[in-house]
file upload.txt (compact mmCIF, C-alpha atoms)
# COMPACT_ATOMS: atom_id res chain seq x y z
CA MET A 1 122.93 -48.36 7.28
CA ARG A 2 122.37 -49.79 10.76
CA VAL A 3 118.68 -50.67 11.00
CA LEU A 4 116.45 -51.55 13.95
CA VAL A 5 113.11 -53.30 13.37
CA ILE A 6 110.68 -53.05 16.30
CA GLY A 7 108.44 -56.06 16.98
CA SER A 8 108.38 -59.82 17.42
CA GLY A 9 105.74 -61.19 15.04
CA GLY A 10 105.60 -62.71 11.60
CA ARG A 11 105.26 -59.25 10.07
CA GLU A 12 108.54 -58.14 11.67
CA HIS A 13 110.33 -61.34 10.64
CA ALA A 14 109.18 -60.75 7.04
CA LEU A 15 110.27 -57.10 7.08
CA ALA A 16 113.64 -58.04 8.60
CA TRP A 17 114.07 -60.86 6.05
CA LYS A 18 113.54 -58.44 3.18
CA ILE A 19 115.66 -55.63 4.69
CA ALA A 20 118.47 -58.16 5.26
CA GLN A 21 118.73 -58.55 1.47
CA SER A 22 119.49 -54.85 0.93
CA PRO A 23 122.99 -53.87 -0.19
CA LYS A 24 122.48 -50.64 1.77
CA LEU A 25 122.33 -52.56 5.07
CA THR A 26 125.42 -52.83 7.26
CA LYS A 27 123.87 -54.28 10.44
CA LEU A 28 120.34 -55.40 11.34
CA PHE A 29 118.74 -55.56 14.78
CA VAL A 30 115.25 -56.73 15.80
CA MET A 31 113.70 -55.73 19.11
CA PRO A 32 112.78 -58.01 20.80
CA GLY A 33 112.58 -60.43 17.84
CA ASN A 34 111.72 -64.12 17.90
CA GLY A 35 113.20 -67.55 17.24
CA GLY A 36 113.39 -66.86 13.51
CA THR A 37 114.76 -63.33 13.42
CA GLU A 38 117.88 -64.28 15.33
CA ALA A 39 119.08 -66.21 12.27
CA ILE A 40 119.24 -63.01 10.17
CA ALA A 41 119.68 -60.24 12.76
CA GLU A 42 120.76 -59.54 16.31
CA ASN A 43 117.80 -59.73 18.67
CA LEU A 44 117.70 -57.07 21.38
CA PRO A 45 115.69 -58.23 24.44
CA VAL A 46 114.13 -54.85 25.26
CA ASP A 47 110.57 -54.10 26.39
CA ILE A 48 109.23 -52.14 23.41
CA THR A 49 106.50 -50.54 25.55
CA ASP A 50 109.31 -48.74 27.42
CA HIS A 51 110.14 -45.96 24.98
CA ALA A 52 113.11 -44.70 26.99
CA ALA A 53 114.63 -48.20 26.95
CA VAL A 54 114.07 -48.49 23.20
CA ILE A 55 115.82 -45.16 22.61
CA ALA A 56 118.70 -46.03 24.95
CA ALA A 57 119.30 -49.31 23.11
CA ALA A 58 119.14 -47.56 19.72
CA LYS A 59 121.75 -45.07 20.90
CA ALA A 60 123.96 -47.85 22.25
CA GLN A 61 123.87 -49.63 18.89
CA ASN A 62 124.40 -46.44 16.83
CA ILE A 63 121.20 -47.07 14.89
CA ASP A 64 120.66 -45.04 11.70
CA PHE A 65 117.07 -46.02 10.93
CA VAL A 66 114.20 -47.42 13.02
CA VAL A 67 111.27 -49.35 11.49
CA VAL A 68 108.26 -49.74 13.80
CA GLY A 69 106.08 -52.80 13.11
CA PRO A 70 103.25 -53.34 15.63
CA ASP A 71 100.04 -51.32 15.78
CA ALA A 72 100.21 -50.83 19.54
CA GLN A 73 103.56 -49.05 19.26
CA VAL A 74 102.28 -46.84 16.42
CA VAL A 75 99.24 -45.80 18.44
CA ALA A 76 101.34 -45.28 21.59
CA GLY A 77 103.50 -42.72 19.76
CA LEU A 78 106.78 -44.64 19.71
CA GLY A 79 107.63 -43.09 16.35
CA ASP A 80 107.25 -39.57 17.73
CA ASP A 81 109.49 -40.33 20.70
CA VAL A 82 112.14 -42.01 18.55
CA ARG A 83 112.19 -39.06 16.15
CA ALA A 84 112.39 -36.60 19.05
CA ALA A 85 115.52 -38.48 20.18
CA GLY A 86 117.15 -37.74 16.82
CA PHE A 87 116.53 -40.95 14.87
CA THR A 88 115.02 -41.35 11.41
CA CYS A 89 111.96 -43.53 11.89
CA PHE A 90 109.44 -45.31 9.65
CA CYS A 91 106.25 -44.91 11.66
CA PRO A 92 103.23 -42.58 11.42
CA SER A 93 102.85 -39.91 14.07
CA LYS A 94 100.63 -40.65 17.05
CA GLU A 95 98.09 -38.15 15.69
CA ALA A 96 97.94 -39.76 12.24
CA GLY A 97 98.03 -43.23 13.82
CA GLN A 98 94.55 -42.58 15.19
CA LEU A 99 93.38 -43.88 11.80
CA GLU A 100 93.88 -47.28 13.40
CA GLY A 101 93.73 -46.40 17.06
CA SER A 102 90.19 -45.01 16.93
CA LYS A 103 87.40 -46.26 14.67
CA SER A 104 85.41 -43.11 15.39
CA PHE A 105 88.38 -40.90 14.37
CA THR A 106 88.42 -42.61 10.97
CA LYS A 107 84.65 -42.40 10.58
CA ALA A 108 84.74 -38.66 11.31
CA LEU A 109 87.47 -38.26 8.68
CA CYS A 110 85.29 -40.12 6.17
CA ASP A 111 82.40 -37.79 6.96
CA GLU A 112 84.57 -34.70 6.57
CA PHE A 113 86.15 -35.66 3.25
CA ASP A 114 83.32 -37.66 1.62
CA ILE A 115 85.13 -41.00 1.75
CA PRO A 116 82.74 -43.89 1.00
CA THR A 117 82.28 -46.17 4.02
CA ALA A 118 79.56 -48.00 5.94
CA GLY A 119 76.93 -46.04 7.83
CA TYR A 120 77.66 -46.03 11.55
CA ALA A 121 76.88 -44.82 15.05
CA ARG A 122 79.17 -44.53 18.10
CA PHE A 123 78.20 -45.33 21.69
CA GLU A 124 79.87 -44.94 25.07
CA ASP A 125 77.32 -46.90 27.12
CA GLU A 126 75.89 -50.37 26.81
CA ALA A 127 72.20 -49.45 27.07
CA SER A 128 72.30 -47.00 24.14
CA ALA A 129 74.25 -49.45 21.98
CA LEU A 130 71.80 -52.26 22.71
CA GLY A 131 68.86 -49.99 21.97
CA TYR A 132 70.39 -49.14 18.61
CA ILE A 133 70.79 -52.75 17.47
CA TYR A 134 67.26 -53.58 18.61
CA THR A 135 65.97 -50.91 16.19
CA GLN A 136 68.44 -51.67 13.38
CA GLY A 137 68.31 -55.48 13.42
CA ALA A 138 70.88 -57.83 11.90
CA PRO A 139 73.18 -58.49 10.14
CA ILE A 140 75.18 -55.69 11.70
CA VAL A 141 78.85 -55.07 12.62
CA ILE A 142 80.07 -54.35 16.16
CA LYS A 143 83.56 -52.87 16.63
CA ALA A 144 85.52 -51.96 19.73
CA ASP A 145 86.60 -48.38 19.09
CA GLY A 146 90.28 -48.98 19.93
CA LEU A 147 92.93 -51.63 19.25
CA ALA A 148 91.97 -55.22 20.03
CA ALA A 149 94.67 -57.33 18.32
CA GLY A 150 92.38 -57.98 15.35
CA LYS A 151 89.71 -59.54 17.57
CA GLY A 152 87.51 -56.55 18.38
CA VAL A 153 85.20 -56.88 15.38
CA THR A 154 82.05 -59.00 15.31
CA VAL A 155 80.03 -59.46 12.14
CA ALA A 156 76.78 -60.34 13.87
CA MET A 157 74.31 -62.29 11.77
CA SER A 158 71.68 -62.14 14.52
CA VAL A 159 70.56 -59.58 17.09
CA GLU A 160 71.54 -62.04 19.82
CA GLU A 161 75.10 -62.24 18.48
CA ALA A 162 75.29 -58.44 18.29
CA GLU A 163 73.95 -58.17 21.83
CA GLU A 164 76.64 -60.54 23.11
CA ALA A 165 79.39 -58.59 21.31
CA ILE A 166 78.24 -55.29 22.83
CA ILE A 167 78.06 -56.75 26.31
CA ASP A 168 81.57 -58.21 25.87
CA CYS A 169 82.97 -54.80 24.87
CA PHE A 170 81.44 -52.92 27.77
CA SER A 171 82.26 -55.65 30.28
CA GLY A 172 85.98 -55.15 29.65
CA ALA A 173 86.81 -57.95 27.20
CA PHE A 174 89.04 -55.50 25.27
CA GLY A 175 90.04 -53.22 28.14
CA GLU A 176 90.00 -49.52 27.36
CA SER A 177 89.66 -50.30 23.65
CA GLY A 178 86.08 -51.41 24.31
CA ALA A 179 85.10 -48.35 26.37
CA ALA A 180 83.36 -47.05 23.23
CA VAL A 181 81.73 -49.05 20.46
CA VAL A 182 81.19 -48.26 16.79
CA ILE A 183 78.22 -50.04 15.21
CA GLU A 184 78.20 -50.20 11.41
CA GLU A 185 75.84 -51.28 8.72
CA PHE A 186 76.63 -54.68 7.24
CA MET A 187 78.21 -54.36 3.78
CA GLU A 188 77.73 -57.12 1.21
CA GLY A 189 80.79 -57.96 -0.84
CA GLU A 190 84.30 -59.34 -0.72
CA GLU A 191 87.00 -57.70 1.38
CA VAL A 192 90.39 -56.71 -0.04
CA SER A 193 93.44 -55.07 1.51
CA LEU A 194 95.19 -52.26 -0.37
CA PHE A 195 98.66 -51.04 0.70
CA VAL A 196 100.19 -47.65 -0.11
CA LEU A 197 103.34 -45.87 1.06
CA CYS A 198 102.87 -42.19 1.89
CA ASP A 199 105.64 -39.72 2.82
CA GLY A 200 103.22 -36.97 3.84
CA GLU A 201 102.69 -35.81 0.28
CA THR A 202 103.66 -38.44 -2.29
CA LEU A 203 101.70 -41.70 -2.54
CA LEU A 204 103.32 -44.90 -3.86
CA PRO A 205 100.80 -47.75 -4.31
CA LEU A 206 102.16 -51.16 -3.34
CA THR A 207 99.81 -54.09 -3.94
CA THR A 208 96.65 -55.88 -2.86
CA ALA A 209 96.04 -58.95 -0.69
CA GLN A 210 93.24 -60.95 0.88
CA ASP A 211 93.34 -62.05 4.50
CA HIS A 212 91.40 -64.87 6.18
CA LYS A 213 90.25 -63.66 9.60
CA ARG A 214 88.15 -66.56 10.83
CA ALA A 215 89.85 -69.35 12.75
CA PHE A 216 88.50 -72.35 10.85
CA ASP A 217 87.85 -73.63 7.34
CA GLY A 218 84.99 -72.15 5.40
CA ASP A 219 85.44 -68.81 7.18
CA THR A 220 83.86 -70.16 10.36
CA GLY A 221 84.76 -69.71 14.01
CA PRO A 222 85.90 -66.61 15.88
CA ASN A 223 87.81 -63.69 14.37
CA THR A 224 91.59 -63.85 14.75
CA GLY A 225 94.54 -61.66 13.86
CA GLY A 226 94.60 -63.54 10.54
CA MET A 227 95.01 -67.23 9.64
CA GLY A 228 96.47 -66.78 6.17
CA ALA A 229 96.61 -64.51 3.15
CA TYR A 230 97.49 -64.32 -0.52
CA SER A 231 98.66 -61.57 -2.85
CA PRO A 232 97.76 -60.08 -5.24
CA ALA A 233 93.95 -60.15 -5.04
CA PRO A 234 92.67 -60.50 -8.64
CA VAL A 235 89.07 -60.06 -7.49
CA MET A 236 89.80 -56.31 -7.38
CA THR A 237 89.54 -54.97 -10.93
CA SER A 238 91.68 -52.14 -12.25
CA GLU A 239 88.59 -49.90 -12.25
CA GLN A 240 87.90 -50.68 -8.59
CA TYR A 241 91.57 -50.07 -7.78
CA GLU A 242 91.55 -46.65 -9.44
CA PHE A 243 88.28 -45.74 -7.69
CA ALA A 244 89.73 -46.73 -4.31
CA MET A 245 92.85 -44.65 -4.86
CA GLN A 246 90.95 -41.58 -6.09
CA HIS A 247 88.02 -41.63 -3.68
CA ILE A 248 89.41 -43.30 -0.55
CA VAL A 249 93.21 -43.28 -0.23
CA GLU A 250 94.04 -39.92 -1.84
CA PRO A 251 91.33 -37.97 0.06
CA THR A 252 92.56 -39.54 3.29
CA ALA A 253 96.15 -38.41 2.69
CA ARG A 254 95.02 -34.94 1.59
CA GLY A 255 92.64 -34.66 4.52
CA LEU A 256 95.25 -35.54 7.13
CA ALA A 257 97.71 -33.08 5.58
CA LYS A 258 95.02 -30.39 5.56
CA ARG A 259 94.41 -31.03 9.26
CA GLY A 260 98.11 -30.51 9.96
CA THR A 261 98.84 -34.18 10.71
CA PRO A 262 100.42 -35.49 7.48
CA TYR A 263 100.66 -39.26 7.19
CA GLN A 264 104.14 -40.79 6.82
CA GLY A 265 104.24 -44.56 6.72
CA VAL A 266 102.33 -47.41 5.16
CA LEU A 267 98.62 -46.86 4.76
CA TYR A 268 96.66 -50.14 4.86
CA ALA A 269 93.10 -49.79 3.64
CA GLY A 270 90.64 -52.59 4.28
CA LEU A 271 88.06 -52.28 1.50
CA MET A 272 84.71 -53.93 0.80
CA LEU A 273 83.96 -54.44 -2.89
CA THR A 274 80.25 -53.64 -2.88
CA ASP A 275 77.77 -53.32 -5.75
CA GLN A 276 78.09 -49.54 -5.30
CA GLY A 277 81.87 -49.69 -5.62
CA PRO A 278 84.69 -50.06 -3.06
CA LYS A 279 83.95 -48.75 0.42
CA LEU A 280 86.34 -48.34 3.34
CA VAL A 281 85.96 -50.94 6.09
CA GLU A 282 88.83 -49.61 8.21
CA TYR A 283 92.36 -48.29 8.08
CA ASN A 284 95.46 -49.76 9.68
CA ALA A 285 98.47 -47.54 10.27
CA ARG A 286 101.12 -50.24 9.73
CA PHE A 287 101.89 -53.24 7.54
CA GLY A 288 99.41 -56.10 7.77
CA ASP A 289 100.05 -59.41 9.45
CA PRO A 290 99.95 -61.87 7.64
CA GLU A 291 99.73 -59.73 4.47
CA THR A 292 103.32 -58.51 4.89
CA GLN A 293 104.60 -62.06 4.58
CA VAL A 294 103.12 -62.53 1.11
CA MET A 295 104.04 -58.99 0.02
CA MET A 296 107.70 -59.44 0.95
CA MET A 297 107.85 -62.77 -0.93
CA ARG A 298 106.59 -61.03 -4.08
CA MET A 299 108.66 -57.82 -3.87
CA GLU A 300 111.60 -57.59 -6.27
CA SER A 301 112.60 -54.06 -5.25
CA ASP A 302 114.92 -53.22 -2.39
CA LEU A 303 112.60 -52.49 0.54
CA LEU A 304 115.04 -50.47 2.66
CA PRO A 305 115.33 -47.35 0.44
CA LEU A 306 111.53 -47.31 0.00
CA LEU A 307 110.97 -47.26 3.76
CA HIS A 308 113.72 -44.65 4.27
CA ALA A 309 112.32 -42.39 1.53
CA THR A 310 108.87 -42.65 3.11
CA ALA A 311 110.28 -41.62 6.49
CA THR A 312 112.28 -38.70 5.07
CA GLY A 313 109.70 -37.23 2.69
CA THR A 314 111.67 -38.18 -0.43
CA LEU A 315 109.39 -40.85 -1.94
CA LYS A 316 108.77 -38.94 -5.19
CA GLY A 317 110.44 -40.69 -8.12
CA HIS A 318 110.61 -44.07 -6.43
CA ASP A 319 108.92 -47.15 -7.90
CA VAL A 320 108.37 -50.72 -6.79
CA ILE A 321 108.76 -53.90 -8.85
CA TRP A 322 106.90 -57.15 -8.10
CA LYS A 323 107.55 -60.73 -9.13
CA ASP A 324 105.13 -62.07 -11.72
CA ALA A 325 103.81 -64.62 -9.24
CA TYR A 326 101.29 -65.18 -6.48
CA ALA A 327 102.27 -65.65 -2.85
CA LEU A 328 100.22 -67.43 -0.19
CA THR A 329 100.88 -67.86 3.53
CA VAL A 330 99.35 -70.32 5.98
CA ILE A 331 99.40 -69.52 9.69
CA MET A 332 100.23 -72.38 12.05
CA ALA A 333 98.71 -71.49 15.42
CA THR A 334 98.67 -73.06 18.86
CA LYS A 335 95.54 -75.11 19.54
CA GLY A 336 93.08 -72.97 21.47
CA TYR A 337 93.93 -69.74 19.64
CA PRO A 338 92.34 -67.15 19.53
CA GLY A 339 91.15 -68.19 22.99
CA ASP A 340 93.31 -69.67 25.74
CA TYR A 341 96.35 -71.60 24.60
CA GLY A 342 99.48 -73.06 26.13
CA LYS A 343 103.10 -72.10 25.53
CA GLY A 344 106.32 -74.08 25.42
CA SER A 345 105.44 -76.97 23.08
CA GLU A 346 108.32 -78.11 20.88
CA ILE A 347 108.26 -77.64 17.11
CA ASN A 348 110.26 -79.92 14.82
CA GLY A 349 110.77 -79.84 11.08
CA ALA A 350 110.30 -76.10 10.57
CA GLU A 351 114.02 -75.51 10.00
CA GLY A 352 115.63 -76.07 6.62
CA LEU A 353 112.41 -75.84 4.61
CA ASP A 354 113.32 -72.54 2.91
CA THR A 355 113.80 -72.57 -0.88
CA ASP A 356 113.44 -69.93 -3.59
CA ASP A 357 109.69 -70.61 -3.54
CA LEU A 358 109.07 -71.30 0.17
CA THR A 359 109.95 -69.41 3.35
CA VAL A 360 108.87 -70.06 6.94
CA PHE A 361 108.45 -66.79 8.84
CA HIS A 362 108.37 -67.06 12.62
CA ALA A 363 105.88 -65.24 14.84
CA GLY A 364 105.34 -66.69 18.31
CA THR A 365 108.55 -68.72 18.67
CA LYS A 366 111.57 -68.74 20.95
CA ARG A 367 114.78 -70.74 21.20
CA ASP A 368 115.72 -73.02 24.05
CA GLY A 369 119.19 -74.14 23.10
CA SER A 370 118.74 -76.19 19.93
CA ARG A 371 115.00 -76.54 20.47
CA LEU A 372 112.36 -74.34 18.84
CA LEU A 373 109.38 -73.68 21.11
CA ALA A 374 105.93 -72.18 20.57
CA ASN A 375 105.61 -68.91 22.46
CA GLY A 376 102.34 -67.41 21.26
CA GLY A 377 99.02 -67.87 19.49
CA ARG A 378 100.07 -67.45 15.88
CA VAL A 379 103.42 -69.21 15.69
CA LEU A 380 104.63 -69.93 12.13
CA ASN A 381 103.81 -68.43 8.72
CA VAL A 382 104.52 -70.95 5.95
CA THR A 383 104.73 -68.80 2.80
CA ALA A 384 105.08 -69.92 -0.82
CA LEU A 385 105.21 -68.54 -4.37
CA GLY A 386 103.42 -69.99 -7.39
CA ASN A 387 102.26 -69.17 -10.89
CA SER A 388 98.68 -69.38 -9.59
CA VAL A 389 97.08 -69.16 -6.17
CA ARG A 390 96.49 -72.92 -6.35
CA GLU A 391 100.18 -73.64 -7.04
CA ALA A 392 101.23 -71.35 -4.18
CA GLN A 393 98.69 -73.05 -1.91
CA ASP A 394 99.97 -76.52 -2.79
CA ARG A 395 103.55 -75.52 -1.99
CA ALA A 396 102.57 -73.83 1.26
CA TYR A 397 100.64 -76.84 2.53
CA ARG A 398 103.49 -79.18 1.64
CA GLY A 399 105.56 -76.98 3.94
CA VAL A 400 102.91 -77.09 6.65
CA ASP A 401 102.76 -80.89 6.44
CA ALA A 402 106.54 -81.10 6.88
CA VAL A 403 106.31 -79.43 10.31
CA ASP A 404 105.97 -81.83 13.25
CA TRP A 405 103.97 -79.96 15.87
CA PRO A 406 101.05 -81.91 17.42
CA GLU A 407 100.02 -78.88 19.51
CA GLY A 408 99.48 -76.72 16.42
CA PHE A 409 96.71 -76.32 13.86
CA SER A 410 96.05 -74.43 10.64
CA ARG A 411 93.23 -73.80 8.24
CA ARG A 412 93.37 -76.02 5.14
CA ASP A 413 91.56 -73.70 2.73
CA ILE A 414 93.60 -70.49 2.53
CA GLY A 415 92.98 -68.90 -0.88
CA TRP A 416 89.76 -70.84 -1.48
CA ARG A 417 87.82 -68.00 -3.10
CA GLU A 418 90.46 -67.27 -5.71
CA ILE A 419 91.12 -70.94 -6.37
CA ALA A 420 87.41 -71.40 -7.09
CA ARG A 421 87.63 -68.51 -9.56
CA GLU A 422 90.75 -70.01 -11.15
CA ARG A 423 88.85 -73.25 -11.78
CA THR A 424 86.16 -71.39 -13.71
call {"tool": "encode", "arguments": {"input": "upload.txt", "output": "structure tokens"}}
result
Amino acid sequence: MRVLVIGSGGREHALAWKIAQSPKLTKLFVMPGNGGTEAIAENLPVDITDHAAVIAAAKAQNIDFVVVGPDAQVVAGLGDDVRAAGFTCFCPSKEAGQLEGSKSFTKALCDEFDIPTAGYARFEDEASALGYIYTQGAPIVIKADGLAAGKGVTVAMSVEEAEEAIIDCFSGAFGESGAAVVIEEFMEGEEVSLFVLCDGETLLPLTTAQDHKRAFDGDTGPNTGGMGAYSPAPVMTSEQYEFAMQHIVEPTARGLAKRGTPYQGVLYAGLMLTDQGPKLVEYNARFGDPETQVMMMRMESDLLPLLHATATGTLKGHDVIWKDAYALTVIMATKGYPGDYGKGSEINGAEGLDTDDLTVFHAGTKRDGSRLLANGGRVLNVTALGNSVREAQDRAYRGVDAVDWPEGFSRRDIGWREIARERT
């Protein structure tokens, strides 16, 4: 099977890395790819926002199967256009992708199908939104209604912080994504990510993970696209898992099918484990980043037939096997991220670190001859396996410390909650 992976981040490198191990693969392409994917696939330097160019390149390479990675391409309907051109494609439809593309779409779905989530209100003007927070008080959660690269959510612990977040949204900080704002009640608890494959009818649960959104140690600093993750997330009990599947994930899949927009792809549920049980924080209509990196390290099964079965409505009867281990990834980012940062700094020592228990996935990198250069905010994902979260963390940070990159930084406490629980 000739496979094309769309995207250039750490998620796409991890997906390509796992697909490259499949005996069903004959040739792998990544579009546009990065400095790491070119070692395992042929990078195609195509603008993935240009759907006609993507389709033309897929035809030129006789592609059999397209796997779409980034959220922006899901929401823009790339999957629909690729399928219309005659290709099999792993990507939700544009309609179903609104689960991620519009917070208010998801909230309305929750209302319609009794899916437990935070109370909310939606606003299209700054004055009304400000008036609402002045009456509600803090803590409170402010969300840009559309995509914002993981940075459009503010958990405001004060009215002043909420006020600033609302003004930012309506002043254009997130472009059209901030033209409407969803304001939610603050939910107490620990957040967990749950991943499920859905072929429109059949659901195949994958695994759980915990992300670290804040930029700095101790979960401080601004929100980012994610500074690290580990999998599985033992904090989620089997009872909570079953509740989430029965009352959140399954009603979502049934509801979308009932509406005539069946979901085919990976369903990524961000859940808050509250005293009242798991509640939906938000949905993402694609694999997580950096959660994919730890999931792919743990997966024993061949990923390619699972993705293909999801895309072709033949998932029933499939299963997935996981290694009896934990995986943890640490993001190495360019100093200044998630704000302004420079590009072009040289990275040394990241090559040749891979072992059975450690893999360095690339995100914002590019090659300049023999040199590896930083080309983005989140740049490297140093990912390790261990018999405990602590062991995986130790291995990952040994990998981080082997990379010579003065212009980069990373958090030093990824996995801290679970490690604290392991100690007790």
call {"tool": "residues_around", "arguments": {"input": "upload.txt", "residues": "region 110-127 of chain A", "least_positions_apart": "2", "cutoff": "6 Å", "atoms": "all atoms listed in the file", "output": "PyMOL selection string"}}
result
chain A and resi 107-108+129-130+180-185+248+279-280
call {"tool": "residues_around", "arguments": {"input": "upload.txt", "residues": "Gly200 (chain A)", "least_positions_apart": "5", "cutoff": "8 Å", "atoms": "all atoms listed in the file", "output": "PyMOL selection string"}}
result
chain A and resi 253+257+262-264+313
call {"tool": "residues_around", "arguments": {"input": "upload.txt", "residues": "Thr314 (chain A)", "least_positions_apart": "6", "cutoff": "9 Å", "atoms": "all atoms listed in the file", "output": "ChimeraX atom specification"}}
result
/A:199,202,308
call {"tool": "write_last_selection", "arguments": {"input": "upload.txt", "atoms": "C-alpha atoms", "output": "PDB file, in the frame of the given file"}}
result
ATOM      1  CA  ASP A 199     105.640 -39.720   2.820  1.00  0.00           C
ATOM      2  CA  THR A 202     103.660 -38.440  -2.290  1.00  0.00           C
ATOM      3  CA  HIS A 308     113.720 -44.650   4.270  1.00  0.00           C
TER       4      HIS A 308
END
call {"tool": "residues_around", "arguments": {"input": "upload.txt", "residues": "region 218-232 of chain A", "least_positions_apart": "4", "cutoff": "9 Å", "atoms": "all atoms listed in the file", "output": "short mmCIF file (atom, residue, chain, number, x, y, z; two decimals) with C-alpha atoms, in the frame of the given file"}}
result
data_model
loop_
_atom_site.label_atom_id
_atom_site.label_comp_id
_atom_site.auth_asym_id
_atom_site.auth_seq_id
_atom_site.Cartn_x
_atom_site.Cartn_y
_atom_site.Cartn_z
CA ALA A 149 94.67 -57.33 18.32
CA GLY A 150 92.38 -57.98 15.35
CA LYS A 151 89.71 -59.54 17.57
CA GLY A 152 87.51 -56.55 18.38
CA VAL A 153 85.20 -56.88 15.38
CA THR A 154 82.05 -59.00 15.31
CA THR A 207 99.81 -54.09 -3.94
CA THR A 208 96.65 -55.88 -2.86
CA ALA A 209 96.04 -58.95 -0.69
CA GLN A 210 93.24 -60.95 0.88
CA ASP A 211 93.34 -62.05 4.50
CA HIS A 212 91.40 -64.87 6.18
CA LYS A 213 90.25 -63.66 9.60
CA ARG A 214 88.15 -66.56 10.83
CA ASP A 289 100.05 -59.41 9.45
CA PRO A 290 99.95 -61.87 7.64
CA GLU A 291 99.73 -59.73 4.47
CA GLN A 293 104.60 -62.06 4.58
CA VAL A 294 103.12 -62.53 1.11
CA MET A 295 104.04 -58.99 0.02
CA ARG A 298 106.59 -61.03 -4.08
CA ALA A 325 103.81 -64.62 -9.24
CA TYR A 326 101.29 -65.18 -6.48
CA ALA A 327 102.27 -65.65 -2.85
CA LEU A 328 100.22 -67.43 -0.19
CA THR A 329 100.88 -67.86 3.53
CA VAL A 330 99.35 -70.32 5.98
CA ILE A 331 99.40 -69.52 9.69
CA MET A 332 100.23 -72.38 12.05
CA ALA A 333 98.71 -71.49 15.42
CA TYR A 337 93.93 -69.74 19.64
CA PRO A 338 92.34 -67.15 19.53
CA GLY A 339 91.15 -68.19 22.99
CA ARG A 378 100.07 -67.45 15.88
CA ASN A 381 103.81 -68.43 8.72
CA VAL A 389 97.08 -69.16 -6.17
CA ALA A 392 101.23 -71.35 -4.18
CA GLN A 393 98.69 -73.05 -1.91
CA SER A 410 96.05 -74.43 10.64
CA ARG A 411 93.23 -73.80 8.24
CA ASP A 413 91.56 -73.70 2.73
CA ILE A 414 93.60 -70.49 2.53
CA GLY A 415 92.98 -68.90 -0.88
CA TRP A 416 89.76 -70.84 -1.48
#
call {"tool": "closest_residue", "arguments": {"input": "upload.txt", "among": "A:Met1, A:Tyr241, A:Ala179, A:Ile167", "to": "Ser193 (chain A)", "atoms": "all atoms listed in the file"}}
result
A:Tyr241
call {"tool": "closest_residue", "arguments": {"input": "upload.txt", "among": "A:His362, A:Lys335, A:Arg417, A:Lys258", "to": "Gly33 (chain A)", "atoms": "only C-alpha atoms"}}
result
A:His362
call {"tool": "closest_residue", "arguments": {"input": "upload.txt", "among": "A:Pro278, A:Ala138, A:Ala311, A:Ser22", "to": "Phe87 (chain A)", "atoms": "all atoms listed in the file"}}
result
A:Ala311
call {"tool": "decode", "arguments": {"input": "upload.txt", "residues": "region 40-72 of chain A", "atoms": "C-alpha atoms", "output": "PDB file, in the first residue's frame"}}
result
ATOM      1  CA  ILE A  40      11.712   7.117   6.983  1.00  0.00           C
ATOM      2  CA  ALA A  41       9.650   8.493   4.083  1.00  0.00           C
ATOM      3  CA  GLU A  42       9.792  10.697   1.024  1.00  0.00           C
ATOM      4  CA  ASN A  43       8.855  14.266   1.905  1.00  0.00           C
ATOM      5  CA  LEU A  44       6.656  16.047  -0.629  1.00  0.00           C
ATOM      6  CA  PRO A  45       7.068  19.858  -0.441  1.00  0.00           C
ATOM      7  CA  VAL A  46       3.426  20.734  -1.155  1.00  0.00           C
ATOM      8  CA  ASP A  47       1.281  23.437   0.465  1.00  0.00           C
ATOM      9  CA  ILE A  48      -1.312  21.342   2.311  1.00  0.00           C
ATOM     10  CA  THR A  49      -3.771  24.257   2.413  1.00  0.00           C
ATOM     11  CA  ASP A  50      -3.984  23.947  -1.387  1.00  0.00           C
ATOM     12  CA  HIS A  51      -6.308  20.973  -1.748  1.00  0.00           C
ATOM     13  CA  ALA A  52      -5.955  20.799  -5.524  1.00  0.00           C
ATOM     14  CA  ALA A  53      -2.161  20.604  -5.173  1.00  0.00           C
ATOM     15  CA  VAL A  54      -2.463  17.871  -2.543  1.00  0.00           C
ATOM     16  CA  ILE A  55      -4.718  15.826  -4.827  1.00  0.00           C
ATOM     17  CA  ALA A  56      -2.473  16.361  -7.857  1.00  0.00           C
ATOM     18  CA  ALA A  57       0.569  15.149  -5.912  1.00  0.00           C
ATOM     19  CA  ALA A  58      -1.352  12.120  -4.603  1.00  0.00           C
ATOM     20  CA  LYS A  59      -2.324  11.214  -8.158  1.00  0.00           C
ATOM     21  CA  ALA A  60       1.246  11.660  -9.379  1.00  0.00           C
ATOM     22  CA  GLN A  61       2.515   9.279  -6.700  1.00  0.00           C
ATOM     23  CA  ASN A  62      -0.269   6.701  -7.215  1.00  0.00           C
ATOM     24  CA  ILE A  63      -1.276   6.951  -3.569  1.00  0.00           C
ATOM     25  CA  ASP A  64      -3.600   4.230  -2.203  1.00  0.00           C
ATOM     26  CA  PHE A  65      -4.367   5.710   1.209  1.00  0.00           C
ATOM     27  CA  VAL A  66      -4.202   9.231   2.663  1.00  0.00           C
ATOM     28  CA  VAL A  67      -3.896   9.915   6.421  1.00  0.00           C
ATOM     29  CA  VAL A  68      -4.684  13.501   7.441  1.00  0.00           C
ATOM     30  CA  GLY A  69      -2.972  14.681  10.641  1.00  0.00           C
ATOM     31  CA  PRO A  70      -3.526  18.373  11.480  1.00  0.00           C
ATOM     32  CA  ASP A  71      -6.731  19.836  12.880  1.00  0.00           C
ATOM     33  CA  ALA A  72      -6.780  22.756  10.444  1.00  0.00           C
TER      34      ALA A  72
END
